[in-house]
Structure formats: C-alpha cells, structure tokens
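S.K.: Below you'll find the structure I mean.
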Number of protein chains: 2
Amino acid sequence: MSGTRRRFRREGEAQRQGDLIAAALDLIAAGGPQAATVRAIAERAGVTPGLIRHYFHTKEDLIAAAYASFVEQMTADHRATLDGTTLDPMARLARFVSLSLSPPLTDARTVGLWAGFIHLVQRDQHMRAIHERGYHAFRDELQMLIADALAAAGRPAEPARLRAEAIACNALIDGLWLEGSVLPEDFAPGELSRLGLEKIGALLGLPLRDHAEADG
Amino acid sequence: MSGTRRRFRREGEAQRQGDLIAAALDLIAAGGPQAATVRAIAERAGVTPGLIRHYFHTKEDLIAAAYASFVEQMTADHRATLDGTTLDPMARLARFVSLSLSPPLTDARTVGLWAGFIHLVQRDQHMRAIHERGYHAFRDELQMLIADALAAAGRPAEPARLRAEAIACNALIDGLWLEGSVLPEDFAPGELSRLGLEKIGALLGLPLRDHAEADG
DNA sequence: CCGGTAATTCTGCAAGCGTATAATTAGTTG
DNA sequence: CAACTAATTATACGCTTGCAGAATTACCGG
C-alpha cells in the first residue's frame with residue numbers, strides 16, 4: 001500500500017553491531033538510560049527497530065554489549081597512548097595521570113555514560129563483572145607505574161604499601177575526574193591535570209612534571 | 001460496580017510530599033531512574049497515582065524535589081554531626097573525612113542515587129544549580145576545616161593554595177567514596193576511612209587521627 | 001540472468017507510561 | 001447531624017515501549 005519500501009544495504013554483523021552499540025552509547029550519554037529506546041537506537045544507527053533483535057537477542061543484551069564496549073574502549077585508549085612510547089617510569093606515570101584528567105576521559109560524555117550504567121552494574125552480575133575487570137585493570141596499571149617510578153627513584157615499596165598508594169592515587173584521579181567532568185566550568189583548562197600531577201607527586205614523594213601537548 | 005473503594009486517611013501536605021519523595025528516592029536508588037514510574041512511586045508511598053499530581057504539578061517536578069531533598073539531606077547530615085561538638089580543628093577535619101567515607105554516605109544507595117540524577121543534572125539547569133550548590137557547600141566546608149587545621153598547626157595558608165588543597169582533598173574523598181560505594185567488597189571495613197585520613201594527612205602535612213566509634 | 005539465503009523492513013500487539021478529570025470520601029465547621 | 005471543602009481514589013485516554021512474526025529485498029553463487 002504505502003508504495004516503496006525503504007532502501008537498505010546489507011552490512012556485516014560486526015559493522016551493524018558496532019553501529020547499534022555506538023548509537024546506544026550516544027543516546028545514553030546524552031539523555032540517560034531512558035533515552036536509549038529500541039526505536040531511538042535504530043533511528044540513530046540508520047536502521048529500523050526490528051534489526052536490533054536480529055543481532056541481539058534482547059535489548060538488555062545490546063545494553064550489556066554497549067557497556068562492555070565502553071569499558072574496553074576506555075582502558076584501551078588509555079593503554080594505547082602509553083604503549084610504544086619510550087618514556088622513563090616517572091614520565092610514564094605523569095602521562096597516565098595527565099591523560100586521565102583530560103578529554104576524552106574527563107568529559108561530560110564519559111561521566112554520563114559511567115553514571116548511566118551504574119544501576120545496572122549494581123544489580124546485574126554480568127555487568128558487575130565487566131565493571132570490576134575494567135576498574136582493576138586501571139588500578140593495576142596505575143600500581144605498576146607507581147612501582148616503577150618509585151623503584152627508579154631508588155625508593156622501592158613493598159606490596160602492601162604499594163596497594164595503598166595505588167588506591168589513594170586512583171581515588172585522587174577519580175575524584176578530580178568526577179568533578180572536572182560534571183562541573184567543567186569550575187576549573188581552568190589544564191588545572192585538573194596540573195593539580196593531579198602535583199598532588200600525586202606529593203603523595204608519592206616524586207616530582208611529577210607535565211610534558212603534554214602544547215600549552216598557550 | 002467494583003464494590004468498595006479503597007480506604008484512606010487524609011494527611012498534611014508536608015507528610016505526603018515527604019512520603020512521595022522518599023518513595024521516589026528509594027526506587028531510583030534501587031533500580032535507576034527507569035524504576036521511578038508514577039505508579040511505582042505511588043504504590044511505595046501507599047497512595048494511588050493520581051495523588052502525585054495533586055501535590056506536584058508534574059512528575060518532573062517531583063523528581064526535581066526529590067533531588068533537592070537528597071542533596072540537602074546529604075550535606076545536612078554531614079554538618080549536623082560536626083556541629084555541637086567541641087573538637088579541636090584537626091579532630092574536626094578528621095571527623096569530616098571519616099564521616100564521608102562511612103555509611104550512609106559511602107554506600108551503594110547514595111552512589112546509586114547520585115548516578116541516577118547525573119544526566120538530569122547535566123541537562124536541566126535547575127537540577128544543575130542544585131548540584132552546584134551542594135557540591136560547593138561540601139567543598140567550602142572542607143576548605144574551612146583545612147584552613148582551621150593548618151592555622152592551628154601554625155602553618156596558615158593563603159587563599160589560592162587553600163583552594164587547591166581543598167579541591168585535592170575533596171577529590172581524594174570523592175574518589176574513595178566512589179570506589180568504596182560501587183565495589184565495597186574490595187575494601188576491608190574501615191579501610192577507606194583509614195586510607196582517607198592517612199593520605200589527606202600526607203597531602204596537608206598534618207597527622208590526622210581517627211577517633212570514631214568503636215573498632216573491633 | 002536466475003534462484004537461494006538471510007539481512008532488513010514492515011506491521012501489529014499487549015503492556016506500561018504520564019496525564020487529565022470526574023467521582024468519592026474523610027475530616028471540619030456550624 | 002448536615003453542609004462544605006479538599007484530599008484521595010478511580011477511570012480513561014493517547015502515546016510509547018519492547019517484542020514478535022510475516023513480508024520483502026539486497027546480495028551471492030551458479
């Protein structure tokens with residue numbers, strides 16, 4: 001009756017799943033979990049709603065996949081910028097801190113996504129496992145960087161103290177991340193990175209210096 | 001037709017509004033914003049859905065009121081436990097830190113509520129104002145405590161440095177709060193408070209000691 | 001150029017959503 | 001005890017939601 005059907009192109013499974021996941025993440029970041037309806041996700045991904053259930057058994061499955069993708073990309077980006085560089089341990093630690101406290105990590109979108117998934121993390125065991133893995137990966141990497149930096153400074157630390165330092169430094173980063181992401185106008189550009197480096201340096205007794213990209 | 005109508009008691013405006021707000025907060029904490037439907041809120045508050053629109057012009061209004069109540073209670077609880085005590089400045093600061101890193105503040109419910117409102121805070125200007133006020137109240141109080149503690153230790157700090165210290169200490173608290181609330185099983189009981197006191201003490205160069213309630 | 005396959009669209013449904021409004025009932029006042 | 005008022009319930013409406021299944025169409029191998 002309604003004349004012509006909508007034209008479409010066939011795509012690979014990976015491509016379409018990726019599009020749908022990206023669309024879901026965009027919507028959750030912008031409008032919270034409520035905004036990620038199957039219809040909205042499909043429209044943003046450029047397909048019709050029915051296709052979602054061709055690639056995901058249920059909407060909940062898509063959301064879980066989106067969360068896994070989000071966590072993985074967060075840590076992957078982080079690691080990628082650190083690997084392949086030939087910095088000394090202290091510079092690597094400084095870079096890690098600086099990266100954590102700048103976009104795209106410190107950003108309204110990231111914190112919005114993080115918050116949008118929290119209640120799922122608290123209730124769904126699968127989501128919780130994903131979260132736990134990501135969090136521990138982040139903290140473990142930070143702990144290794146701290147260990148290397150302390151060792152390079154001639155002050156190696158025993159495991160128990162190392163764990164405490166990592167938790168504290170991680171908390172400092174997370175706190176600055178939170179505040180800078182939710183109320184960005186409260187802080188001058190680069191202030192968060194500077195503060196993070198200075199205070200983490202103070203906690204560890206290491207003079208951390210920023211050597212990031214150009215500064216005006 | 002359906003026989004008897006439901007029995008009810010008339011209540012004051014404050015009481016009913018409070019009940020509805022409490023119900024909304026419970027639901028958001030447990031199941032995220034999605035769970036706080038008008039029907040669910042009404043059922044939990046022991047009334048029928050229509051009553052919500054007798055006390056709030058729209059559901060959005062109720063949610064905004066709930067958020068304001070949440071933020072206010074968070075800071076009020078905090079302040080109340082500190083006022084009326086005759087502790088020296090350093091003990092007051094220690095108490096502030098310790099309170100922030102124990103239930104009910106450091107708790108799955110609180111972080112669940114906080115996260116559940118974030119996307120509203122980011123989009124709605126009214127919500128944003130509420131958030132900003134609460135955040136600044138918390139940080140300003142912390143800053144005053146730090147100022148007093150430093151002054152009492154004979155090392156008063158100038159405003160600019162004081163602001164930086166407050167932001168950093170606040171971030172450390174927030175980070176520990178976040179991690180302890182989302183993954184409580186990662187930390188031993190009291191570990192967060194201990195860590196917070198130790199590391200904030202290290203940042204400020206003050207020996208903060210815990211003198212909270214009994215310890216096993 | 002012609003089938004076959006599965007990726008994609010389309011249509012529809014039952015349930016739940018927020019909201020509007022009329023009907024009732026509890027409590028107050030004289 | 002009867003009238004009055006406002007708190008509360010009840011009912012209904014239009015819209016959206018996630019999901020299901022049938023119909024179509026793009027692409028691939030012959």
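In the structure tokens, each chain is lettered A, B, ... as it comes, each chain's residues begin at 1, and ligands are numbered from 1 in order of appearance.
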Counting only C-alpha atoms (C1' of nucleotides), give me one row per residue of chain B with an atom at most 8 Å from an atom of chain C, showing the shortest contact pair and its distance in Å to one decimal, sorted by chain then residue number, as CSV.

M.R.:
```
residue,atom,partner,partner_atom,distance
B:Phe8,CA,C:DA26,C1',7.8
B:Arg9,CA,C:DA26,C1',6.8
B:Arg10,CA,C:DA26,C1',6.5
B:Thr37,CA,C:DC17,C1',7.8
B:Val38,CA,C:DG18,C1',7.5
B:Lys59,CA,C:DG18,C1',7.7
```

S.K.: For chain A fitted to chain B over all Cα atoms in order, what RMSD does a least-squares superposition give?

M.R.: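 Rounded to one decimal, the C-alpha RMSD is 0.1 Å.
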
S.K.: From a DSSP calculation on the backbone, collect every residue of segment 4-197 of chain B in helix (DSSP H, G or I) and output the set as a CSV table (one decimal) with C-alpha atoms, in the first residue's frame.

M.R.:
```csv
chain,number,residue,atom,x,y,z
B,13,GLU,CA,0.9,18.3,52.6
B,14,ALA,CA,4.4,18.1,54.0
B,15,GLN,CA,3.8,14.5,55.1
B,16,ARG,CA,2.6,13.3,51.7
B,17,GLN,CA,5.2,15.2,49.8
B,18,GLY,CA,7.8,13.7,52.0
B,19,ASP,CA,6.4,10.2,51.5
B,20,LEU,CA,6.3,10.6,47.7
B,21,ILE,CA,9.9,12.0,47.7
B,22,ALA,CA,11.1,9.2,49.8
B,23,ALA,CA,9.4,6.6,47.6
B,24,ALA,CA,10.9,8.1,44.5
B,25,LEU,CA,14.4,8.1,46.0
B,26,ASP,CA,14.1,4.5,47.1
B,27,LEU,CA,13.1,3.4,43.7
B,28,ILE,CA,15.8,5.4,41.9
B,29,ALA,CA,18.4,4.1,44.2
B,30,ALA,CA,17.3,0.5,43.7
B,31,GLY,CA,16.5,0.5,40.0
B,33,PRO,CA,15.6,6.4,37.0
B,34,GLN,CA,13.6,4.0,34.9
B,35,ALA,CA,12.2,2.3,38.0
B,38,VAL,CA,4.4,7.3,38.9
B,39,ARG,CA,2.6,4.1,39.6
B,40,ALA,CA,5.6,2.5,41.4
B,41,ILE,CA,6.2,5.7,43.4
B,42,ALA,CA,2.5,5.9,44.4
B,43,GLU,CA,2.4,2.2,45.4
B,44,ARG,CA,5.5,2.5,47.5
B,45,ALA,CA,4.2,5.7,49.2
B,49,PRO,CA,-1.0,7.5,41.3
B,50,GLY,CA,-3.4,10.4,40.9
B,51,LEU,CA,-2.3,11.9,44.2
B,52,ILE,CA,1.1,12.6,42.8
B,53,ARG,CA,-0.3,15.2,40.5
B,54,HIS,CA,-2.3,16.7,43.4
B,55,TYR,CA,1.0,17.6,45.2
B,59,LYS,CA,6.4,14.1,37.6
B,60,GLU,CA,9.4,16.1,36.6
B,61,ASP,CA,8.7,18.4,39.5
B,62,LEU,CA,8.6,15.5,41.9
B,63,ILE,CA,11.9,14.2,40.7
B,64,ALA,CA,13.5,17.7,41.0
B,65,ALA,CA,12.1,18.0,44.5
B,66,ALA,CA,13.5,14.5,45.3
B,67,TYR,CA,16.9,15.5,44.1
B,68,ALA,CA,16.9,18.7,46.1
B,69,SER,CA,15.9,16.7,49.2
B,70,PHE,CA,18.7,14.2,48.5
B,71,VAL,CA,21.4,16.8,48.2
B,72,GLU,CA,20.2,18.7,51.2
B,73,GLN,CA,20.0,15.7,53.4
B,74,MET,CA,23.5,14.6,52.3
B,75,THR,CA,25.0,17.9,53.4
B,76,ALA,CA,22.7,18.4,56.4
B,77,ASP,CA,23.6,15.0,57.9
B,78,HIS,CA,27.2,15.9,57.5
B,79,ARG,CA,27.0,19.2,59.1
B,80,ALA,CA,24.8,18.1,61.9
B,81,THR,CA,27.3,15.5,63.1
B,82,LEU,CA,30.0,18.1,63.2
B,89,PRO,CA,40.3,21.9,64.4
B,90,MET,CA,42.4,18.8,63.4
B,91,ALA,CA,40.0,16.4,65.0
B,92,ARG,CA,37.1,18.1,63.3
B,93,LEU,CA,38.7,17.7,59.9
B,94,ALA,CA,39.5,14.1,60.7
B,95,ARG,CA,35.9,13.5,61.7
B,96,PHE,CA,34.7,15.1,58.5
B,97,VAL,CA,36.8,12.8,56.4
B,98,SER,CA,35.8,9.8,58.4
B,99,LEU,CA,32.1,10.5,58.1
B,100,SER,CA,32.4,11.0,54.4
B,108,ALA,CA,25.5,1.7,47.4
B,109,ARG,CA,22.3,3.6,47.8
B,110,THR,CA,23.9,7.0,47.9
B,111,VAL,CA,26.1,6.4,44.9
B,112,GLY,CA,23.2,4.9,43.1
B,113,LEU,CA,21.1,8.0,43.7
B,114,TRP,CA,24.0,10.3,42.8
B,115,ALA,CA,24.5,8.5,39.5
B,116,GLY,CA,20.8,8.2,38.8
B,117,PHE,CA,20.5,12.0,38.8
B,118,ILE,CA,23.6,12.8,36.8
B,119,HIS,CA,22.1,13.0,33.4
B,120,LEU,CA,19.3,15.3,34.7
B,121,VAL,CA,22.0,17.5,36.3
B,122,GLN,CA,23.8,17.7,33.0
B,123,ARG,CA,20.7,18.7,31.0
B,125,GLN,CA,19.6,23.9,34.5
B,126,HIS,CA,17.5,23.9,37.7
B,127,MET,CA,19.0,20.5,38.7
B,128,ARG,CA,22.4,21.7,37.8
B,129,ALA,CA,22.0,24.7,40.2
B,130,ILE,CA,21.0,22.3,43.0
B,131,HIS,CA,24.0,20.1,42.3
B,132,GLU,CA,26.4,23.0,42.1
B,133,ARG,CA,25.2,24.4,45.4
B,134,GLY,CA,25.6,21.1,47.2
B,135,TYR,CA,29.0,20.5,45.8
B,136,HIS,CA,30.3,23.9,46.7
B,137,ALA,CA,28.8,23.7,50.2
B,138,PHE,CA,30.7,20.4,50.7
B,139,ARG,CA,33.9,21.8,49.4
B,140,ASP,CA,33.7,25.1,51.2
B,141,GLU,CA,33.1,23.4,54.5
B,142,LEU,CA,36.1,21.1,53.8
B,143,GLN,CA,38.2,24.2,52.9
B,144,MET,CA,37.3,25.9,56.1
B,145,LEU,CA,38.2,22.8,58.1
B,146,ILE,CA,41.5,22.6,56.3
B,147,ALA,CA,42.2,26.3,56.9
B,148,ASP,CA,41.5,25.9,60.6
B,149,ALA,CA,43.6,22.8,60.9
B,150,LEU,CA,46.5,24.4,59.1
B,151,ALA,CA,46.3,27.5,61.2
B,152,ALA,CA,46.1,25.5,64.4
B,159,PRO,CA,43.6,31.5,49.7
B,160,ALA,CA,45.0,30.3,46.4
B,161,ARG,CA,46.9,27.4,47.9
B,162,LEU,CA,43.9,26.7,50.2
B,163,ARG,CA,41.6,26.3,47.2
B,164,ALA,CA,44.0,23.8,45.6
B,165,GLU,CA,44.3,21.8,48.8
B,166,ALA,CA,40.5,21.8,49.2
B,167,ILE,CA,40.0,20.6,45.7
B,168,ALA,CA,42.6,17.9,46.0
B,169,CYS,CA,41.3,16.6,49.4
B,170,ASN,CA,37.8,16.8,48.1
B,171,ALA,CA,38.8,14.7,45.1
B,172,LEU,CA,40.6,12.2,47.3
B,173,ILE,CA,37.4,11.8,49.4
B,174,ASP,CA,35.2,11.6,46.3
B,175,GLY,CA,37.3,9.0,44.7
B,176,LEU,CA,37.5,6.8,47.7
B,177,TRP,CA,33.8,7.3,48.2
B,178,LEU,CA,33.1,6.3,44.6
B,179,GLU,CA,35.2,3.1,44.7
B,180,GLY,CA,34.1,2.1,48.2
B,181,SER,CA,30.4,2.6,47.3
B,182,VAL,CA,30.5,0.7,44.0
B,184,PRO,CA,32.5,-2.4,48.7
B,185,GLU,CA,33.9,-5.9,48.8
B,186,ASP,CA,37.2,-4.6,47.5
B,191,GLU,CA,40.0,0.7,55.3
B,192,LEU,CA,38.6,3.6,53.4
B,193,SER,CA,38.4,5.9,56.4
B,194,ARG,CA,41.9,4.9,57.4
B,195,LEU,CA,43.3,5.5,54.0
B,196,GLY,CA,41.5,8.8,53.6
B,197,LEU,CA,42.8,10.1,56.9
```

S.K.: Provide as a PDB file with N, CA, C and O atoms (P, O5', C5', C4', C3', O3' and C1' of nucleotides), in the first residue's frame the residues of chain D at most 12 Å from chain B, counting only C-alpha atoms (C1' of nucleotides).

M.R.:
```
ATOM      1  P    DA D   6     -11.037  24.194  49.940  1.00  0.00           P
ATOM      2  O5'  DA D   6      -9.929  23.057  50.078  1.00  0.00           O
ATOM      3  C5'  DA D   6      -9.604  22.571  51.362  1.00  0.00           C
ATOM      4  C4'  DA D   6      -9.264  21.089  51.291  1.00  0.00           C
ATOM      5  C3'  DA D   6      -8.284  20.708  50.181  1.00  0.00           C
ATOM      6  O3'  DA D   6      -7.470  19.676  50.678  1.00  0.00           O
ATOM      7  C1'  DA D   6     -10.194  19.428  49.972  1.00  0.00           C
ATOM      8  P    DA D   7      -5.938  19.618  50.297  1.00  0.00           P
ATOM      9  O5'  DA D   7      -5.574  18.114  50.683  1.00  0.00           O
ATOM     10  C5'  DA D   7      -6.048  17.596  51.909  1.00  0.00           C
ATOM     11  C4'  DA D   7      -6.470  16.149  51.736  1.00  0.00           C
ATOM     12  C3'  DA D   7      -5.497  15.269  50.960  1.00  0.00           C
ATOM     13  O3'  DA D   7      -5.372  14.045  51.666  1.00  0.00           O
ATOM     14  C1'  DA D   7      -7.626  15.137  49.967  1.00  0.00           C
ATOM     15  P    DT D   8      -4.222  13.024  51.265  1.00  0.00           P
ATOM     16  O5'  DT D   8      -4.974  12.041  50.266  1.00  0.00           O
ATOM     17  C5'  DT D   8      -5.989  11.201  50.776  1.00  0.00           C
ATOM     18  C4'  DT D   8      -6.776  10.546  49.661  1.00  0.00           C
ATOM     19  C3'  DT D   8      -5.956   9.794  48.605  1.00  0.00           C
ATOM     20  O3'  DT D   8      -5.993   8.399  48.903  1.00  0.00           O
ATOM     21  C1'  DT D   8      -7.877  10.900  47.702  1.00  0.00           C
ATOM     22  P    DT D   9      -5.425   7.352  47.814  1.00  0.00           P
ATOM     23  O5'  DT D   9      -6.745   7.037  46.986  1.00  0.00           O
ATOM     24  C5'  DT D   9      -7.908   6.555  47.651  1.00  0.00           C
ATOM     25  C4'  DT D   9      -9.022   6.327  46.642  1.00  0.00           C
ATOM     26  C3'  DT D   9      -8.711   5.305  45.546  1.00  0.00           C
ATOM     27  O3'  DT D   9      -9.787   4.400  45.423  1.00  0.00           O
ATOM     28  C1'  DT D   9      -9.401   7.343  44.563  1.00  0.00           C
ATOM     29  P    DA D  10      -9.612   3.063  44.519  1.00  0.00           P
ATOM     30  O5'  DA D  10     -10.339   3.514  43.173  1.00  0.00           O
ATOM     31  C5'  DA D  10     -11.617   4.121  43.237  1.00  0.00           C
ATOM     32  C4'  DA D  10     -12.094   4.515  41.841  1.00  0.00           C
ATOM     33  C3'  DA D  10     -11.742   3.525  40.745  1.00  0.00           C
ATOM     34  O3'  DA D  10     -12.910   3.282  39.983  1.00  0.00           O
ATOM     35  C1'  DA D  10     -10.986   5.697  40.155  1.00  0.00           C
ATOM     36  P    DT D  11     -12.941   2.059  38.916  1.00  0.00           P
ATOM     37  O5'  DT D  11     -12.865   2.825  37.525  1.00  0.00           O
ATOM     38  C5'  DT D  11     -13.708   3.967  37.327  1.00  0.00           C
ATOM     39  C4'  DT D  11     -13.262   4.749  36.118  1.00  0.00           C
ATOM     40  C3'  DT D  11     -12.831   3.899  34.905  1.00  0.00           C
ATOM     41  O3'  DT D  11     -13.604   4.309  33.800  1.00  0.00           O
ATOM     42  C1'  DT D  11     -11.274   5.628  35.328  1.00  0.00           C
TER      43       DT D  11
END
```

S.K.: Between atom CA of Glu158 of chain B and atom CA of Phe187 of chain A, what distance in Å does the model show, to one decimal?

M.R.: 18.8 Å

S.K.: State, in Å with one decimal place, the distance from atom C1' of DT17 of chain D to atom CA of Thr4 of chain A.

M.R.: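 Interatomic distance, atom C1' of DT17 of chain D to atom CA of Thr4 of chain A: 26.7 Å.
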
S.K.: With only C-alpha atoms as the atoms that count, which of B:Leu87, B:His57, B:Gly32, B:Ser102 lies nearest to chain A?

M.R.: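 Using only C-alpha atoms, chain A sits closest to B:Gly32.
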